[in-house]
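Notes to accompany the following structure.
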Amino acid sequence: MTHHTEAHDPKNVVQSLAKGFRVLEAFSALDPELTLAEAARRAGLDNATAFRLLNTLVMLGYVIRIDGTRRFRLSLKSLDLGFNAIARMELRDLARPVLRSLVGSVNEAASLGVLEGGHVVYVERVQAGLTRLGVDVRIGSTVPAWYSAIGHALLAWLPAREQKRVLELLPRVKLTPATLTAIPDILRQLAKIRHAGWALSDQDVVPGLRVLAAPVLDRDGRPVAAVSVAAPSLRMPLPQFQKLATAPLLDATQTIARALEAKGTIQNAPVAA
């Protein structure tokens, strides 16, 4: 059975979720405000089911109940879903040539990641090697933010309360003797990273692998993404790697940030819980 067939198997569909989206789709530009009965009719549902779904959507912030009336309308939070998807596609398109410029004699891979809950999701990747090190990162791959250089580059520029909340989302176990697992230790490391402007993982996650990462910041200094570069530790001594890789990495993040701002796609998005 193919994935396409599985996706359309009724046994694999959450009917209540599907009905909820039908309620959202009942609203349109021509009819931005609907009564319960109108939303139910357009979604093909009975009033009782539509009532429960609308109340749930109101609680989640995707629908607003208009004061003094019996009408509902979509909130701006609903628009965020589409805007975030568009921004992410544009982010990939803008970042791809910049990442290519980072891969060469110093770095064997360059990646772009965004924070999703306690993980970093890789949304773009340019790779020349690293398979011999057992590193298999692809677009859509995730890595826990609490131990990765790219995760630290994102976390270091978040407010302290958000840092702690993200760090508490996933279990923290030692991957190598150098891996920090205690939240106070990680928070101190994040403070050092913010002061330096970049994060470094020198074989403390994957033996034989060095990763340098820095954030892509919006105009308010919040991270919207992060860029990382990776190289085998045998290629050159650590001081030489830092000297050769740091400036191009920081230039790349600033280039991506300027491009996003010019296109108007940078926005302050909350960290997913």
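The chains in the structure tokens are called A, B, ... from first to last as shown; in each chain the residues are counted from 1, and the ligands are counted from 1 in the order shown.
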Where in stretch 48-167 of chain A does DSSP assign strand (DSSP E), given as a VMD selection string? chain A and resid 63 to 65 71 to 74 109 to 116 119 to 127 142 to 144
For the residues selected in the previous step, produce a file with C-alpha atoms as a tab-separated table (two decimals), in the first residue's frame.
chain	number	residue	atom	x	y	z
A	63	VAL	CA	-12.24	31.75	15.45
A	64	ILE	CA	-13.64	34.83	17.22
A	65	ARG	CA	-17.15	35.16	18.59
A	71	ARG	CA	-21.92	35.57	14.57
A	72	PHE	CA	-18.38	34.20	14.26
A	73	ARG	CA	-15.38	35.13	12.13
A	74	LEU	CA	-11.85	33.84	11.58
A	109	ALA	CA	27.67	20.83	4.75
A	110	ALA	CA	25.52	23.87	5.45
A	111	SER	CA	22.01	23.75	6.85
A	112	LEU	CA	19.09	26.02	7.65
A	113	GLY	CA	16.83	25.14	10.57
A	114	VAL	CA	13.84	26.55	12.44
A	115	LEU	CA	12.62	25.90	15.96
A	116	GLU	CA	9.50	23.75	16.34
A	119	HIS	CA	13.24	20.36	18.06
A	120	VAL	CA	15.04	22.05	15.21
A	121	VAL	CA	13.54	21.19	11.82
A	122	TYR	CA	15.96	21.33	8.90
A	123	VAL	CA	14.24	23.24	6.09
A	124	GLU	CA	17.21	23.43	3.70
A	125	ARG	CA	20.52	21.58	3.38
A	126	VAL	CA	23.53	21.63	1.07
A	127	GLN	CA	25.91	18.73	1.59
A	142	THR	CA	14.69	17.03	13.23
A	143	VAL	CA	17.23	17.25	16.00
A	144	PRO	CA	16.62	18.15	19.66
- Message: I need the alpha helix (DSSP H) residues of stretch 33-174 of chain A per DSSP on the backbone, written as a ChimeraX atom specification.
- Response: /A:36-43,47-60,76-102,149-155,160-167
For stretch 92-108 of chain A: contacts at 9 Å, only C-alpha atoms, fewer than 3 positions along chain excluded, given as an MDAnalysis selection string
chainID A and resid 87:89 111:112 123:130 227 229:232 235:236 241 244:245 248:249 252:253 255:256 259:260
Discussion item. Counting only C-alpha atoms, which residue out of A:Glu90, A:Asp185, A:Glu162, A:Glu33 sits closest to A:Thr69?
Written reply: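 Of all the options, A:Glu33 lies closest to A:Thr69.
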In terms of only C-alpha atoms, the residue from A:Ala213, A:Ile183, A:Ala199, A:Gly208 at minimal distance from A:Leu169 is A:Ile183
Using only C-alpha atoms, the best pick from A:Met59, A:Ser75, A:Ala153, A:Ile193 as closest to A:Pro32 would be A:Ser75
- Message: List as number ranges by chain the protein and nucleic acid residues near A:Tyr62, meaning an atom at most 12 Å away when only C-alpha atoms are counted, but skip any in the same chain fewer than 3 places from it.
- Response: A: 20-21, 23-25, 27, 53-59, 65, 72-81
With N, CA and C atoms retained, export the selected residues as an mmCIF file, in the first residue's frame.
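Wrote again38.cif, looks like this:
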data_model
loop_
_atom_site.group_PDB
_atom_site.id
_atom_site.type_symbol
_atom_site.label_atom_id
_atom_site.label_comp_id
_atom_site.auth_asym_id
_atom_site.auth_seq_id
_atom_site.Cartn_x
_atom_site.Cartn_y
_atom_site.Cartn_z
ATOM 1 N N GLY A 20 -13.559 19.908 11.638
ATOM 2 C CA GLY A 20 -13.113 21.218 12.105
ATOM 3 C C GLY A 20 -12.583 22.075 10.976
ATOM 4 N N PHE A 21 -11.828 21.466 10.064
ATOM 5 C CA PHE A 21 -11.326 22.218 8.921
ATOM 6 C C PHE A 21 -12.457 22.605 7.975
ATOM 7 N N VAL A 23 -15.363 23.489 8.921
ATOM 8 C CA VAL A 23 -15.941 24.681 9.542
ATOM 9 C C VAL A 23 -15.086 25.905 9.216
ATOM 10 N N LEU A 24 -13.757 25.775 9.321
ATOM 11 C CA LEU A 24 -12.880 26.897 8.981
ATOM 12 C C LEU A 24 -13.059 27.310 7.518
ATOM 13 N N GLU A 25 -13.194 26.313 6.639
ATOM 14 C CA GLU A 25 -13.332 26.603 5.217
ATOM 15 C C GLU A 25 -14.699 27.177 4.864
ATOM 16 N N PHE A 27 -15.917 29.833 6.085
ATOM 17 C CA PHE A 27 -15.755 31.284 6.014
ATOM 18 C C PHE A 27 -15.054 31.646 4.707
ATOM 19 N N LEU A 53 -17.568 22.321 17.567
ATOM 20 C CA LEU A 53 -16.352 22.637 16.816
ATOM 21 C C LEU A 53 -16.029 24.124 16.859
ATOM 22 N N LEU A 54 -17.036 24.968 16.715
ATOM 23 C CA LEU A 54 -16.803 26.415 16.781
ATOM 24 C C LEU A 54 -16.302 26.826 18.154
ATOM 25 N N ASN A 55 -16.884 26.259 19.200
ATOM 26 C CA ASN A 55 -16.410 26.577 20.550
ATOM 27 C C ASN A 55 -14.955 26.155 20.736
ATOM 28 N N THR A 56 -14.595 24.993 20.184
ATOM 29 C CA THR A 56 -13.208 24.531 20.274
ATOM 30 C C THR A 56 -12.280 25.470 19.529
ATOM 31 N N LEU A 57 -12.694 25.891 18.333
ATOM 32 C CA LEU A 57 -11.874 26.810 17.539
ATOM 33 C C LEU A 57 -11.757 28.175 18.202
ATOM 34 N N VAL A 58 -12.813 28.615 18.873
ATOM 35 C CA VAL A 58 -12.751 29.865 19.637
ATOM 36 C C VAL A 58 -11.744 29.721 20.780
ATOM 37 N N MET A 59 -11.807 28.592 21.493
ATOM 38 C CA MET A 59 -10.885 28.352 22.604
ATOM 39 C C MET A 59 -9.438 28.332 22.124
ATOM 40 N N ARG A 65 -15.713 34.922 18.427
ATOM 41 C CA ARG A 65 -17.151 35.157 18.591
ATOM 42 C C ARG A 65 -17.356 36.671 18.680
ATOM 43 N N PHE A 72 -19.778 34.579 14.059
ATOM 44 C CA PHE A 72 -18.379 34.205 14.261
ATOM 45 C C PHE A 72 -17.575 34.673 13.053
ATOM 46 N N ARG A 73 -16.276 34.837 13.253
ATOM 47 C CA ARG A 73 -15.379 35.132 12.134
ATOM 48 C C ARG A 73 -14.011 34.535 12.443
ATOM 49 N N LEU A 74 -13.204 34.354 11.395
ATOM 50 C CA LEU A 74 -11.852 33.836 11.575
ATOM 51 C C LEU A 74 -10.973 34.885 12.260
ATOM 52 N N SER A 75 -10.051 34.421 13.067
ATOM 53 C CA SER A 75 -9.092 35.328 13.689
ATOM 54 C C SER A 75 -7.840 35.416 12.824
ATOM 55 N N LEU A 76 -6.962 36.346 13.175
ATOM 56 C CA LEU A 76 -5.698 36.462 12.446
ATOM 57 C C LEU A 76 -4.814 35.248 12.662
ATOM 58 N N LYS A 77 -5.055 34.487 13.730
ATOM 59 C CA LYS A 77 -4.259 33.285 13.966
ATOM 60 C C LYS A 77 -4.437 32.287 12.832
ATOM 61 N N SER A 78 -5.624 32.254 12.227
ATOM 62 C CA SER A 78 -5.850 31.367 11.087
ATOM 63 C C SER A 78 -4.951 31.758 9.919
ATOM 64 N N LEU A 79 -4.747 33.068 9.732
ATOM 65 C CA LEU A 79 -3.890 33.531 8.650
ATOM 66 C C LEU A 79 -2.441 33.132 8.877
ATOM 67 N N ASP A 80 -2.043 33.008 10.168
ATOM 68 C CA ASP A 80 -0.663 32.650 10.464
ATOM 69 C C ASP A 80 -0.264 31.327 9.838
ATOM 70 N N LEU A 81 -1.207 30.386 9.766
ATOM 71 C CA LEU A 81 -0.881 29.079 9.189
ATOM 72 C C LEU A 81 -0.407 29.238 7.751
#
